[in-house]
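Participant: model.txt is the file, holding compact mmCIF, C-alpha atoms:
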```
# COMPACT_ATOMS: atom_id res chain seq x y z
CA MET A 1 0.90 -15.40 -17.74
CA THR A 2 -2.30 -17.07 -16.73
CA LYS A 3 -3.84 -14.67 -14.23
CA GLY A 4 -5.00 -11.10 -14.60
CA LEU A 5 -3.38 -8.69 -12.17
CA THR A 6 -5.68 -7.40 -9.43
CA PRO A 7 -6.35 -3.70 -10.06
CA SER A 8 -5.57 -1.03 -7.49
CA GLN A 9 -8.16 0.99 -5.57
CA THR A 10 -7.91 3.92 -3.21
CA VAL A 11 -7.09 3.39 0.47
CA GLY A 12 -10.03 5.72 1.18
CA PRO A 13 -10.32 7.92 4.26
CA PHE A 14 -11.10 5.19 6.80
CA TYR A 15 -7.98 3.04 6.86
CA PHE A 16 -8.09 2.77 10.64
CA GLY A 17 -7.56 -0.41 12.56
CA THR A 18 -5.11 -2.68 10.87
CA LEU A 19 -3.31 -0.07 8.86
CA VAL A 20 -2.90 2.34 11.70
CA THR A 21 -2.47 -0.07 14.59
CA ALA A 22 0.22 -1.86 12.59
CA TYR A 23 2.03 1.38 12.01
CA ARG A 24 5.72 1.68 12.67
CA GLN A 25 7.22 5.04 13.37
CA ASP A 26 10.45 3.95 15.00
CA LEU A 27 12.38 1.62 12.71
CA ALA A 28 15.62 1.27 14.61
CA PRO A 29 15.91 -0.04 18.18
CA PRO A 30 18.91 1.32 20.11
CA ASN A 31 21.27 -1.53 19.21
CA VAL A 32 20.99 -0.90 15.46
CA ALA A 33 24.17 0.39 13.83
CA GLY A 34 24.34 3.61 11.88
CA GLU A 35 23.70 7.33 11.92
CA ARG A 36 20.40 8.12 13.63
CA VAL A 37 18.10 10.24 11.48
CA GLU A 38 14.65 11.70 11.90
CA ILE A 39 12.68 11.90 8.67
CA VAL A 40 9.66 14.14 8.29
CA LEU A 41 7.53 13.76 5.19
CA SER A 42 4.57 15.98 4.46
CA LEU A 43 1.84 15.49 1.91
CA HIS A 44 0.27 18.32 -0.10
CA ASP A 45 -2.32 18.43 -2.85
CA ALA A 46 -2.04 20.33 -6.14
CA GLU A 47 -3.04 23.59 -4.40
CA GLY A 48 -0.42 23.09 -1.70
CA VAL A 49 -3.05 22.22 0.93
CA ALA A 50 -1.98 19.66 3.50
CA VAL A 51 -3.44 16.15 3.06
CA PRO A 52 -4.50 15.04 6.55
CA ASP A 53 -5.81 11.60 5.57
CA GLY A 54 -2.85 10.02 3.83
CA VAL A 55 -0.48 7.20 4.71
CA PHE A 56 3.27 7.11 4.17
CA GLU A 57 5.24 3.90 4.07
CA ILE A 58 9.00 3.73 3.86
CA TRP A 59 11.32 0.89 2.94
CA GLN A 60 15.07 1.13 3.25
CA ALA A 61 18.37 -0.69 3.55
CA ASN A 62 20.25 -0.69 6.84
CA SER A 63 23.37 1.41 7.40
CA HIS A 64 25.49 -1.25 5.70
CA GLY A 65 23.40 -0.99 2.56
CA ARG A 66 21.74 -4.36 3.08
CA TYR A 67 18.04 -4.95 2.65
CA ASN A 68 16.42 -7.34 5.10
CA HIS A 69 15.05 -9.54 2.34
CA PRO A 70 15.95 -12.93 0.84
CA ASP A 71 16.58 -11.42 -2.61
CA ASP A 72 19.44 -9.34 -1.19
CA ARG A 73 22.04 -12.11 -1.05
CA ARG A 74 25.12 -9.96 -0.54
CA ASN A 75 27.46 -10.76 2.29
CA LEU A 76 26.72 -7.67 4.38
CA PRO A 77 25.54 -7.53 7.99
CA LEU A 78 21.89 -7.55 8.94
CA ASP A 79 20.95 -5.72 12.14
CA ALA A 80 18.78 -7.61 14.60
CA GLY A 81 15.50 -5.77 15.04
CA PHE A 82 15.85 -3.68 11.91
CA GLU A 83 13.43 -4.65 9.16
CA GLY A 84 13.57 -1.35 7.27
CA PHE A 85 9.82 -0.80 7.05
CA GLY A 86 7.86 2.13 8.47
CA ARG A 87 4.25 3.24 8.17
CA VAL A 88 2.63 6.35 9.60
CA SER A 89 -0.58 8.14 8.69
CA THR A 90 -0.42 11.88 8.15
CA TRP A 91 -1.33 14.39 10.83
CA ARG A 92 -3.63 17.35 10.37
CA ASP A 93 -0.74 19.30 8.87
CA GLY A 94 -0.05 16.51 6.38
CA SER A 95 3.16 15.39 8.08
CA SER A 96 4.50 12.04 9.23
CA ARG A 97 7.68 11.49 11.22
CA PHE A 98 9.97 8.47 11.22
CA SER A 99 12.96 7.66 13.41
CA THR A 100 15.50 5.47 11.68
CA VAL A 101 19.11 5.19 10.59
CA LYS A 102 20.54 6.57 7.37
CA PRO A 103 20.60 3.79 4.79
CA GLY A 104 23.86 2.69 3.20
CA ARG A 105 24.44 2.61 -0.55
CA VAL A 106 23.06 -0.20 -2.66
CA PRO A 107 24.29 -1.30 -6.07
CA TRP A 108 22.98 -0.24 -9.44
CA PRO A 109 22.33 -3.01 -11.96
CA GLY A 110 25.29 -3.30 -14.26
CA GLY A 111 27.75 -1.47 -12.03
CA GLY A 112 28.15 1.48 -9.71
CA MET A 113 26.32 2.36 -6.55
CA GLN A 114 23.19 4.31 -5.78
CA ALA A 115 23.26 7.18 -3.31
CA PRO A 116 21.63 6.55 0.08
CA HIS A 117 17.88 6.71 -0.36
CA VAL A 118 14.62 5.74 1.28
CA ASN A 119 11.83 4.25 -0.83
CA VAL A 120 8.47 5.89 -0.15
CA SER A 121 4.90 4.73 -0.85
CA ILE A 122 1.99 7.15 -0.62
CA PHE A 123 -1.68 6.31 -0.20
CA ALA A 124 -4.64 8.65 0.30
CA ARG A 125 -8.27 9.21 -0.50
CA GLY A 126 -8.33 10.38 -4.11
CA LEU A 127 -5.26 8.34 -5.02
CA LEU A 128 -6.46 5.34 -6.97
CA ASN A 129 -2.95 3.92 -7.21
CA ARG A 130 -0.04 3.67 -4.81
CA LEU A 131 2.43 6.45 -5.58
CA ALA A 132 6.10 5.63 -5.21
CA THR A 133 8.97 8.05 -4.81
CA ARG A 134 12.40 8.22 -3.18
CA LEU A 135 13.93 10.39 -0.51
CA TYR A 136 17.59 11.36 -0.93
CA PHE A 137 19.68 13.29 1.57
CA ASP A 138 20.59 16.75 0.28
CA GLY A 139 24.31 17.41 0.31
CA ASP A 140 25.36 13.75 0.26
CA PRO A 141 28.32 13.62 -2.12
CA ALA A 142 27.03 10.34 -3.59
CA ASN A 143 24.00 12.15 -5.02
CA ALA A 144 26.15 13.53 -7.84
CA GLU A 145 26.64 10.04 -9.24
CA ASP A 146 23.28 8.51 -8.42
CA PRO A 147 21.84 6.96 -11.59
CA VAL A 148 18.22 7.63 -10.62
CA LEU A 149 18.82 11.30 -9.89
CA GLN A 150 20.67 11.54 -13.21
CA MET A 151 17.59 10.15 -15.01
CA ILE A 152 15.53 13.11 -13.85
CA GLU A 153 15.58 16.53 -15.42
CA PRO A 154 17.71 18.79 -13.18
CA ALA A 155 14.88 21.20 -12.40
CA ARG A 156 12.85 18.42 -10.77
CA ARG A 157 15.61 16.65 -8.82
CA ALA A 158 15.08 18.88 -5.81
CA THR A 159 11.66 17.27 -5.27
CA LEU A 160 13.52 14.17 -4.05
CA LEU A 161 16.09 15.89 -1.84
CA ALA A 162 15.27 16.06 1.87
CA LYS A 163 16.77 19.07 3.65
CA ARG A 164 17.68 19.66 7.29
CA ASP A 165 14.72 21.39 8.91
CA GLY A 166 16.59 23.40 11.57
CA LYS A 167 15.75 20.94 14.35
CA GLY A 168 17.98 18.29 12.88
CA ALA A 169 15.30 16.30 11.04
CA TRP A 170 15.40 15.57 7.33
CA PHE A 171 12.33 17.19 5.84
CA LEU A 172 10.82 16.40 2.45
CA PRO A 173 7.50 17.81 1.28
CA ILE A 174 5.65 15.61 -1.22
CA HIS A 175 3.56 17.56 -3.70
CA LEU A 176 0.91 15.52 -5.48
CA GLY A 177 0.53 18.23 -8.12
CA GLY A 178 1.12 21.88 -8.90
CA PRO A 179 4.35 23.60 -9.93
CA ASN A 180 6.48 21.59 -7.49
CA GLU A 181 4.96 18.22 -8.30
CA THR A 182 7.16 15.49 -6.85
CA VAL A 183 8.81 13.02 -9.18
CA PHE A 184 6.95 9.72 -8.85
CA PHE A 185 8.25 6.40 -10.12
CA ASP A 186 6.83 3.48 -11.98
CA CYS A 187 8.78 0.87 -10.06
CA MET B 1 21.54 -8.20 -15.65
CA VAL B 2 17.84 -7.96 -16.41
CA LYS B 3 16.35 -4.65 -15.35
CA GLU B 4 12.75 -5.83 -15.35
CA ILE B 5 12.52 -8.36 -12.58
CA TYR B 6 8.79 -7.87 -12.00
CA ARG B 7 6.54 -7.48 -15.03
CA ARG B 8 5.01 -4.08 -15.55
CA ALA B 9 1.23 -3.96 -15.31
CA ALA B 10 -0.40 -4.37 -18.70
CA ALA B 11 -2.28 -1.33 -20.00
CA GLY B 12 -5.90 -1.61 -18.97
CA THR B 13 -5.20 -3.00 -15.50
CA HIS B 14 -5.07 -0.15 -13.01
CA PRO B 15 -7.19 3.00 -12.83
CA ALA B 16 -5.85 6.23 -14.26
CA ASN B 17 -4.70 8.53 -11.46
CA LEU B 18 -7.04 11.20 -12.79
CA SER B 19 -10.40 9.51 -12.99
CA GLU B 20 -13.40 11.45 -14.16
CA GLY B 21 -16.24 10.91 -11.78
CA TYR B 22 -14.21 10.42 -8.60
CA LYS B 23 -14.11 13.99 -7.37
CA SER B 24 -11.15 13.61 -5.02
CA THR B 25 -8.79 12.80 -7.87
CA PRO B 26 -8.31 16.18 -9.64
CA GLY B 27 -6.67 17.85 -6.65
CA ARG B 28 -4.53 14.86 -5.78
CA ALA B 29 -3.63 13.01 -8.97
CA PRO B 30 -0.12 13.72 -10.29
CA ARG B 31 -0.24 15.13 -13.82
CA ARG B 32 3.25 14.25 -14.96
CA PRO B 33 4.03 10.74 -16.12
CA ALA B 34 5.80 8.51 -13.61
CA VAL B 35 9.51 7.96 -14.31
CA VAL B 36 10.08 4.30 -15.14
CA LEU B 37 12.71 2.84 -12.82
CA PRO B 38 14.83 -0.15 -13.68
CA HIS B 39 14.49 -2.81 -11.01
CA THR B 40 17.28 -2.51 -8.48
CA LEU B 41 17.52 -4.07 -5.04
CA SER B 42 15.36 -1.20 -3.78
CA GLU B 43 12.43 -2.30 -5.92
CA ILE B 44 12.79 -6.09 -5.79
CA THR B 45 13.05 -6.23 -2.02
CA GLY B 46 10.27 -5.12 0.29
CA PRO B 47 8.77 -5.65 3.71
CA LEU B 48 7.72 -9.26 4.26
CA LEU B 49 6.70 -8.44 7.84
CA ALA B 50 7.69 -11.96 8.76
CA SER B 51 8.26 -10.97 12.38
CA GLU B 52 4.79 -9.48 12.71
CA ARG B 53 3.00 -11.82 15.11
CA LEU B 54 -0.70 -12.29 14.52
CA ASP B 55 -3.10 -13.20 17.30
CA ALA B 56 -5.23 -16.26 16.70
CA LEU B 57 -8.41 -14.20 16.33
CA GLU B 58 -7.12 -11.42 14.09
CA ASN B 59 -8.72 -13.01 11.05
CA ASP B 60 -12.11 -13.35 12.78
CA LEU B 61 -13.72 -9.92 12.89
CA THR B 62 -16.76 -11.34 14.65
CA ARG B 63 -14.82 -12.33 17.79
CA GLN B 64 -12.76 -9.27 18.57
CA ARG B 65 -15.17 -7.65 21.03
CA MET B 66 -17.41 -8.64 23.92
CA GLY B 67 -20.15 -10.18 21.79
CA PRO B 68 -21.03 -11.03 18.23
CA PRO B 69 -21.59 -8.10 15.86
CA LEU B 70 -24.93 -7.58 14.16
CA GLY B 71 -25.24 -8.42 10.51
CA GLU B 72 -24.80 -11.30 8.15
CA ARG B 73 -21.78 -13.44 9.08
CA ILE B 74 -19.69 -14.36 6.04
CA ILE B 75 -16.49 -16.20 5.20
CA VAL B 76 -14.10 -14.38 2.88
CA HIS B 77 -11.24 -16.47 1.62
CA GLY B 78 -9.01 -16.94 -1.37
CA ARG B 79 -5.44 -17.16 -2.47
CA VAL B 80 -2.65 -14.67 -2.99
CA LEU B 81 -1.08 -15.57 -6.30
CA ASP B 82 1.21 -14.08 -8.89
CA GLU B 83 0.39 -13.71 -12.57
CA ASP B 84 1.72 -17.18 -13.28
CA GLY B 85 -0.69 -18.65 -10.75
CA LYS B 86 2.08 -19.38 -8.28
CA PRO B 87 1.19 -18.83 -4.64
CA VAL B 88 2.69 -15.96 -2.68
CA PRO B 89 3.43 -17.91 0.50
CA ARG B 90 3.00 -16.37 3.97
CA ALA B 91 1.76 -13.07 2.54
CA LEU B 92 0.33 -10.71 5.13
CA VAL B 93 -3.24 -9.74 4.22
CA GLU B 94 -4.81 -6.74 5.95
CA ILE B 95 -8.49 -5.85 5.62
CA TRP B 96 -10.77 -3.13 6.94
CA GLN B 97 -14.43 -2.41 6.37
CA CYS B 98 -17.56 -0.70 7.68
CA ASN B 99 -20.19 -2.50 9.76
CA ALA B 100 -23.44 -4.05 8.57
CA ALA B 101 -25.17 -0.68 8.79
CA GLY B 102 -22.60 1.01 6.55
CA ARG B 103 -20.67 2.88 9.24
CA TYR B 104 -16.93 2.75 9.87
CA HIS B 105 -15.54 2.68 13.38
CA HIS B 106 -13.68 5.86 12.56
CA PRO B 107 -14.09 9.41 13.89
CA GLY B 108 -14.18 10.78 10.35
CA ASP B 109 -17.27 8.77 9.43
CA GLN B 110 -20.34 10.85 10.25
CA HIS B 111 -22.89 8.80 8.33
CA ASP B 112 -26.20 8.65 10.22
CA ALA B 113 -26.10 4.90 10.80
CA PRO B 114 -25.43 3.10 14.08
CA LEU B 115 -22.02 2.07 15.27
CA ASP B 116 -21.85 -1.49 16.49
CA PRO B 117 -19.90 -1.77 19.75
CA ASN B 118 -19.13 -5.37 18.81
CA PHE B 119 -17.61 -4.57 15.46
CA TYR B 120 -14.33 -2.82 14.91
CA GLY B 121 -13.80 -3.75 11.27
CA GLY B 122 -10.07 -4.44 11.01
CA GLY B 123 -8.44 -7.81 10.52
CA ARG B 124 -5.24 -9.47 9.44
CA ALA B 125 -4.37 -12.90 8.17
CA ARG B 126 -1.17 -14.65 7.19
CA ALA B 127 -1.50 -16.68 4.02
CA ASP B 128 -0.25 -20.27 4.21
CA GLU B 129 2.38 -21.90 2.02
CA GLU B 130 -0.14 -22.17 -0.80
CA GLY B 131 -1.10 -18.51 -0.51
CA ARG B 132 -4.46 -19.34 1.07
CA TYR B 133 -5.98 -16.82 3.45
CA HIS B 134 -9.25 -16.86 5.36
CA PHE B 135 -11.37 -14.29 7.19
CA ILE B 136 -14.64 -14.46 9.08
CA THR B 137 -16.51 -11.17 9.17
CA ILE B 138 -19.94 -9.66 8.61
CA LYS B 139 -21.16 -8.39 5.28
CA PRO B 140 -20.46 -4.64 5.12
CA GLY B 141 -23.34 -2.31 4.33
CA ALA B 142 -23.60 0.22 1.53
CA TYR B 143 -23.18 3.85 2.58
CA PRO B 144 -23.69 7.28 1.06
CA TRP B 145 -20.83 9.65 0.26
CA LYS B 146 -20.70 13.17 -1.02
CA ASN B 147 -19.03 12.57 -4.35
CA HIS B 148 -22.17 13.49 -6.29
CA TYR B 149 -25.92 13.65 -5.74
CA ASN B 150 -27.26 10.36 -4.33
CA ALA B 151 -23.85 8.72 -4.39
CA TRP B 152 -23.56 5.35 -2.59
CA ARG B 153 -20.57 3.11 -2.23
CA PRO B 154 -21.32 -0.52 -3.01
CA ALA B 155 -20.52 -2.91 -0.17
CA HIS B 156 -16.78 -3.47 -0.16
CA ILE B 157 -13.87 -4.70 1.94
CA HIS B 158 -10.49 -2.95 1.70
CA PHE B 159 -7.50 -5.22 1.14
CA SER B 160 -3.82 -4.40 1.66
CA LEU B 161 -1.06 -6.68 0.34
CA PHE B 162 2.69 -6.33 0.34
CA GLY B 163 3.74 -9.28 -1.76
CA PRO B 164 7.43 -10.13 -2.10
CA ALA B 165 8.75 -6.70 -3.10
CA PHE B 166 8.35 -2.93 -2.90
CA ALA B 167 7.25 -3.24 -6.53
CA THR B 168 4.35 -5.56 -5.67
CA ARG B 169 2.66 -3.41 -3.00
CA LEU B 170 -1.09 -3.26 -3.58
CA ILE B 171 -4.09 -1.75 -1.87
CA THR B 172 -7.45 -2.59 -3.37
CA GLN B 173 -11.12 -3.18 -2.59
CA MET B 174 -13.18 -6.35 -2.85
CA TYR B 175 -16.79 -6.07 -3.98
CA PHE B 176 -19.69 -8.51 -3.87
CA PRO B 177 -20.93 -10.19 -7.02
CA ASN B 178 -23.63 -8.42 -8.98
CA ASP B 179 -24.10 -5.62 -6.46
CA PRO B 180 -26.66 -3.29 -8.06
CA LEU B 181 -24.62 -0.26 -6.96
CA LEU B 182 -21.52 -1.29 -8.94
CA PRO B 183 -22.56 0.35 -12.24
CA PHE B 184 -22.89 3.69 -10.46
CA ASP B 185 -19.71 3.68 -8.38
CA PRO B 186 -16.93 5.91 -9.76
CA ILE B 187 -14.25 4.17 -7.71
CA TYR B 188 -15.09 0.68 -8.98
CA ASN B 189 -15.55 2.06 -12.48
CA SER B 190 -12.19 3.84 -12.40
CA VAL B 191 -10.74 0.44 -13.24
CA PRO B 192 -10.65 -0.22 -17.00
CA GLU B 193 -13.64 -2.22 -18.11
CA GLY B 194 -11.77 -5.40 -18.95
CA ALA B 195 -10.23 -5.67 -15.47
CA ARG B 196 -13.02 -4.44 -13.20
CA HIS B 197 -14.65 -7.81 -12.71
CA ARG B 198 -11.47 -9.02 -10.97
CA LEU B 199 -12.51 -6.95 -7.96
CA GLN B 200 -15.74 -8.90 -7.53
CA ALA B 201 -15.56 -11.85 -5.18
CA ALA B 202 -17.29 -15.03 -6.28
CA PHE B 203 -20.06 -16.57 -4.23
CA ASP B 204 -18.68 -19.92 -3.07
CA LEU B 205 -21.25 -22.54 -2.14
CA ASP B 206 -18.62 -25.23 -1.64
CA SER B 207 -16.95 -23.24 1.12
CA THR B 208 -20.22 -22.08 2.62
CA ARG B 209 -20.67 -23.63 6.03
CA PRO B 210 -24.14 -25.15 6.35
CA GLU B 211 -26.31 -23.59 9.05
CA TRP B 212 -23.62 -21.00 9.69
CA ALA B 213 -22.24 -18.60 7.02
CA LEU B 214 -22.09 -17.93 3.29
CA ALA B 215 -18.64 -17.89 1.72
CA TYR B 216 -17.10 -15.61 -0.86
CA ARG B 217 -13.89 -16.29 -2.69
CA PHE B 218 -11.49 -13.51 -3.65
CA ASP B 219 -8.16 -14.37 -5.22
CA ILE B 220 -5.60 -11.59 -5.33
CA VAL B 221 -3.10 -11.58 -8.16
CA LEU B 222 0.17 -9.69 -7.69
CA ARG B 223 2.83 -8.94 -10.28
CA GLY B 224 4.74 -11.93 -11.56
CA ARG B 225 8.47 -12.22 -12.11
CA ASN B 226 10.10 -12.40 -15.48
CA ALA B 227 11.43 -15.86 -16.17
CA THR B 228 14.99 -14.71 -16.87
CA PRO B 229 17.31 -15.18 -13.91
CA MET B 230 18.47 -12.09 -12.12
CA GLU B 231 22.14 -12.28 -13.01
```
Do you think you could lay out the structure here as C-alpha cells?

Facilitator:
Amino acid sequence: MTKGLTPSQTVGPFYFGTLVTAYRQDLAPPNVAGERVEIVLSLHDAEGVAVPDGVFEIWQANSHGRYNHPDDRRNLPLDAGFEGFGRVSTWRDGSSRFSTVKPGRVPWPGGGMQAPHVNVSIFARGLLNRLATRLYFDGDPANAEDPVLQMIEPARRATLLAKRDGKGAWFLPIHLGGPNETVFFDC
Amino acid sequence: MVKEIYRRAAAGTHPANLSEGYKSTPGRAPRRPAVVLPHTLSEITGPLLASERLDALENDLTRQRMGPPLGERIIVHGRVLDEDGKPVPRALVEIWQCNAAGRYHHPGDQHDAPLDPNFYGGGRARADEEGRYHFITIKPGAYPWKNHYNAWRPAHIHFSLFGPAFATRLITQMYFPNDPLLPFDPIYNSVPEGARHRLQAAFDLDSTRPEWALAYRFDIVLRGRNATPME
C-alpha cells in the first residue's frame, strides 16, 4: 500500500443537482425479464422520526442472479437496459420508492447460494459514513439458508426483511438507531 | 476462495459514526457495530454507470447557465486511484457545492447570501484511463450553520465516487489548503487526525492557467484489492 485511503464525509443536506438529477427510480425497462417488484424504503432516526433529507441507493443482480459487472464472469444472461443501480432521495415522510425486478440468487464464497437480496447504501446529513445494509424478501424460502441472515442474531434478522405493504410493494423501514436499529454491514 | 477482496479501511481513516461536535450525529448514528461481511459478488460488483452519457460541459460549472458566475474561477483536478496507486479508469466523479457567496442553489438553504442565477453548483466528470478528472468551477464561499454558536463551514466541494465495487462507494468533501476555518469545523475534524489532511486539496501552480484560473489538485484514493487472486 502506498496511498492513504480518502476519508468519508457526510453527504450533507444540499446534495441537489448531480446526485438528484442523476437519480434512477425505475431500474427495469419493460423488456427486462423477471418478476416486477416495487420496493419502498423509509429512513428513520433513533427516535423513529422520518429523515426527509437522505439518499438511498440500491444495487442488485438481475432476475437470473447476474450482476452487470465485469467481475461477475458467470455464464448467465444479462438484460439489455438493466444495470441494477437505483438512487432516490427521501421524501418528507422519509420514504423512497424503486421499481425493479426481483433479483435472482447469487453464490456464496465456498459453496451454496445466497437468498435474493438488494444491496442498499444510505447517505444523509449527520451520517459521516455511507451505511450499507441488505433488503431480503420476507417469506422467500431461500432466506432459511442464507449465510448472511444466519450470521445475524435471530432477533435482529427482521430488520432486513421487507414485507408486503398491502398495495403490493415490498416495504422495509430502515432505523438508524433505537430499539429496532437496522443491521448495517461493514462490506 | 479469499473472502477479503477489497482491503478493509485501516483504523484511523474514516470518522466515527458518532462524532462529538457534529450535532446531527447523535440522533442518526447507529450504535451497534456493523456486521463484517465476507466479500461476495454483491460486494465486489457495483454500478460503473458506464452507460451514463455526460454532456461536454458537465465538468465546467462556469458554463452551465446564460453567463459566467460571479466569483473566483478555479480548476479542480486530480486522479482517482486505489491504495496501490493504480488508477481507477473511467470512474464517474460527481461534485456539488455552494456559490461564491456561500449559498447553495437548494430550497433548503436559507442563508442570507445571494443566489447567483449563473451558478447551479453541480457537475460530473468521467475520469480517463489514467484516472484523471478535471473540473472548472468557482471557489465556493464559507457559510454559517446552526451546529453551534458562530459555526461556519470552511469552503468545500462535495465529491461522490463509486469506484469499481459496492464496497468502494465513497462520498467525501474536498477542502482548500490552510483554510483558517478548518480547525473549528466539526465535520472536517470528525476524521481522525492522521488522515484529515487527505481532504485538503493542494494548490497547484503547474496546472494554474496564466491570466485565467488558479488550480487545485485533489487525488481521491479508494480501497485497493488484495493481491491474492479471487479463486

Participant: Ranking B:Asn59, B:Thr172, B:Ser51, B:Asn99 by minimum distance to chain A and counting all atoms listed in the file, which one comes first?

Facilitator: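 Nearest to chain A: B:Thr172.
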
Participant: For Gln60 of chain A, work out the shell of residues within 12 Å, counting all atoms listed in the file and skipping chain neighbours fewer than 5 positions away, then give it as JSON, numbers by chain.

Facilitator: {"A": [27, 28, 65, 66, 67, 68, 69, 82, 83, 84, 85, 86, 98, 100, 101, 102, 103, 104, 105, 106, 116, 117, 118, 119, 120, 121, 134, 135, 136], "B": [41, 42, 43, 44, 45, 46, 47, 165, 166]}

Participant: Which neighbours of Gly122 of chain B fall inside 12 Å, counting all atoms listed in the file, when residues of the same chain fewer than 6 positions from it are skipped, and could you give them as an MDAnalysis selection string?

Facilitator: (chainID A and resid 14:22) or (chainID B and resid 57:65 93:99 104:106 135:138 140 157:160)

Participant: Please report the interatomic distance between atom CA of Thr6 of chain A and atom CA of Arg223 of chain B in Å with one decimal.

Facilitator: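 Atom CA of Thr6 of chain A sits 8.7 Å away from atom CA of Arg223 of chain B.
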
Participant: Residues of chain A no more than 8 Å from chain B, counting all atoms listed in the file: send them over as a ChimeraX atom specification.

Facilitator: /A:1-11,13-19,45-47,59-61,67-72,83-85,106-110,119,125-130,148,152,176-177,181,183-187

Participant: As an exercise, work out the distance from atom CA of His44 of chain A to atom CA of Arg153 of chain B in Å and give it to one decimal place.

Facilitator: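 Atom-to-atom, atom CA of His44 of chain A to atom CA of Arg153 of chain B, that is 25.9 Å.
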
Participant: Please report the interatomic distance between atom CA of Ala56 of chain B and atom CA of Ile58 of chain A in Å with one decimal.

Facilitator: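 One can read the atom CA of Ala56 of chain B to atom CA of Ile58 of chain A distance as 27.7 Å.
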
Participant: For the point (20.2, 7.3, -8.6) in the file's frame, write as a PDB file with C-alpha atoms, in the coordinates of the input all residues with an atom no more than 7 Å away, counting only C-alpha atoms.

Facilitator:
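The result, written out as selection-v3.pdb:
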```
ATOM      1  CA  GLN A 114      23.190   4.310  -5.780  1.00  0.00           C
ATOM      2  CA  ALA A 115      23.260   7.180  -3.310  1.00  0.00           C
ATOM      3  CA  ASP A 146      23.280   8.510  -8.420  1.00  0.00           C
ATOM      4  CA  PRO A 147      21.840   6.960 -11.590  1.00  0.00           C
ATOM      5  CA  VAL A 148      18.220   7.630 -10.620  1.00  0.00           C
ATOM      6  CA  LEU A 149      18.820  11.300  -9.890  1.00  0.00           C
ATOM      7  CA  GLN A 150      20.670  11.540 -13.210  1.00  0.00           C
TER       8      GLN A 150
END
```

Participant: Just checking: using only C-alpha atoms, which residue out of B:Pro180, B:Gly71, B:Ala101, B:Leu54 ends up closest to Arg126 of chain B?

Facilitator: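 Using only C-alpha atoms, Arg126 of chain B sits closest to B:Leu54.
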
Participant: List the residues sitting within 12 Å of (-17.6, -23.8, -1.6) in the file's frame, using only C-alpha atoms, as a list in words.

Facilitator: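 Returned residue set, sorted by chain then number, is Ile75, Val76, His77, Gly78, Ala202, Phe203, Asp204, Leu205, Asp206, Ser207, Thr208, Arg209, Pro210, Ala213, Leu214, Ala215, Tyr216 and Arg217 of chain B.
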
Participant: Could I get segment 142-155 of chain A rebuilt with N, CA and C atoms, written as a PDB file, in the coordinates of the input?

Facilitator:
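Final output, out.pdb:
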```pdb
ATOM      1  N   ALA A 142      27.389  11.434  -2.666  1.00  0.00           N
ATOM      2  CA  ALA A 142      27.030  10.340  -3.590  1.00  0.00           C
ATOM      3  C   ALA A 142      25.888  10.730  -4.522  1.00  0.00           C
ATOM      4  N   ASN A 143      25.126  11.756  -4.164  1.00  0.00           N
ATOM      5  CA  ASN A 143      24.000  12.150  -5.020  1.00  0.00           C
ATOM      6  C   ASN A 143      24.455  12.500  -6.434  1.00  0.00           C
ATOM      7  N   ALA A 144      25.663  13.070  -6.532  1.00  0.00           N
ATOM      8  CA  ALA A 144      26.150  13.530  -7.840  1.00  0.00           C
ATOM      9  C   ALA A 144      26.285  12.390  -8.827  1.00  0.00           C
ATOM     10  N   GLU A 145      26.465  11.166  -8.328  1.00  0.00           N
ATOM     11  CA  GLU A 145      26.640  10.040  -9.240  1.00  0.00           C
ATOM     12  C   GLU A 145      25.491   9.035  -9.151  1.00  0.00           C
ATOM     13  N   ASP A 146      24.396   9.444  -8.550  1.00  0.00           N
ATOM     14  CA  ASP A 146      23.280   8.510  -8.420  1.00  0.00           C
ATOM     15  C   ASP A 146      22.553   8.363  -9.760  1.00  0.00           C
ATOM     16  N   PRO A 147      22.440   7.141 -10.263  1.00  0.00           N
ATOM     17  CA  PRO A 147      21.840   6.960 -11.590  1.00  0.00           C
ATOM     18  C   PRO A 147      20.368   7.368 -11.667  1.00  0.00           C
ATOM     19  N   VAL A 148      19.642   7.243 -10.563  1.00  0.00           N
ATOM     20  CA  VAL A 148      18.220   7.630 -10.620  1.00  0.00           C
ATOM     21  C   VAL A 148      18.105   9.155 -10.676  1.00  0.00           C
ATOM     22  N   LEU A 149      18.863   9.831  -9.842  1.00  0.00           N
ATOM     23  CA  LEU A 149      18.820  11.300  -9.890  1.00  0.00           C
ATOM     24  C   LEU A 149      19.239  11.799 -11.276  1.00  0.00           C
ATOM     25  N   GLN A 150      20.209  11.099 -11.880  1.00  0.00           N
ATOM     26  CA  GLN A 150      20.670  11.540 -13.210  1.00  0.00           C
ATOM     27  C   GLN A 150      19.592  11.331 -14.286  1.00  0.00           C
ATOM     28  N   MET A 151      18.658  10.400 -14.028  1.00  0.00           N
ATOM     29  CA  MET A 151      17.590  10.150 -15.010  1.00  0.00           C
ATOM     30  C   MET A 151      16.588  11.290 -15.053  1.00  0.00           C
ATOM     31  N   ILE A 152      16.594  12.110 -14.011  1.00  0.00           N
ATOM     32  CA  ILE A 152      15.530  13.110 -13.850  1.00  0.00           C
ATOM     33  C   ILE A 152      16.032  14.469 -14.307  1.00  0.00           C
ATOM     34  N   GLU A 153      15.165  15.203 -14.972  1.00  0.00           N
ATOM     35  CA  GLU A 153      15.580  16.530 -15.420  1.00  0.00           C
ATOM     36  C   GLU A 153      16.004  17.353 -14.202  1.00  0.00           C
ATOM     37  N   PRO A 154      17.117  18.109 -14.345  1.00  0.00           N
ATOM     38  CA  PRO A 154      17.710  18.790 -13.180  1.00  0.00           C
ATOM     39  C   PRO A 154      16.709  19.640 -12.403  1.00  0.00           C
ATOM     40  N   ALA A 155      15.800  20.292 -13.092  1.00  0.00           N
ATOM     41  CA  ALA A 155      14.880  21.200 -12.400  1.00  0.00           C
ATOM     42  C   ALA A 155      13.960  20.458 -11.431  1.00  0.00           C
TER      43      ALA A 155
END
```
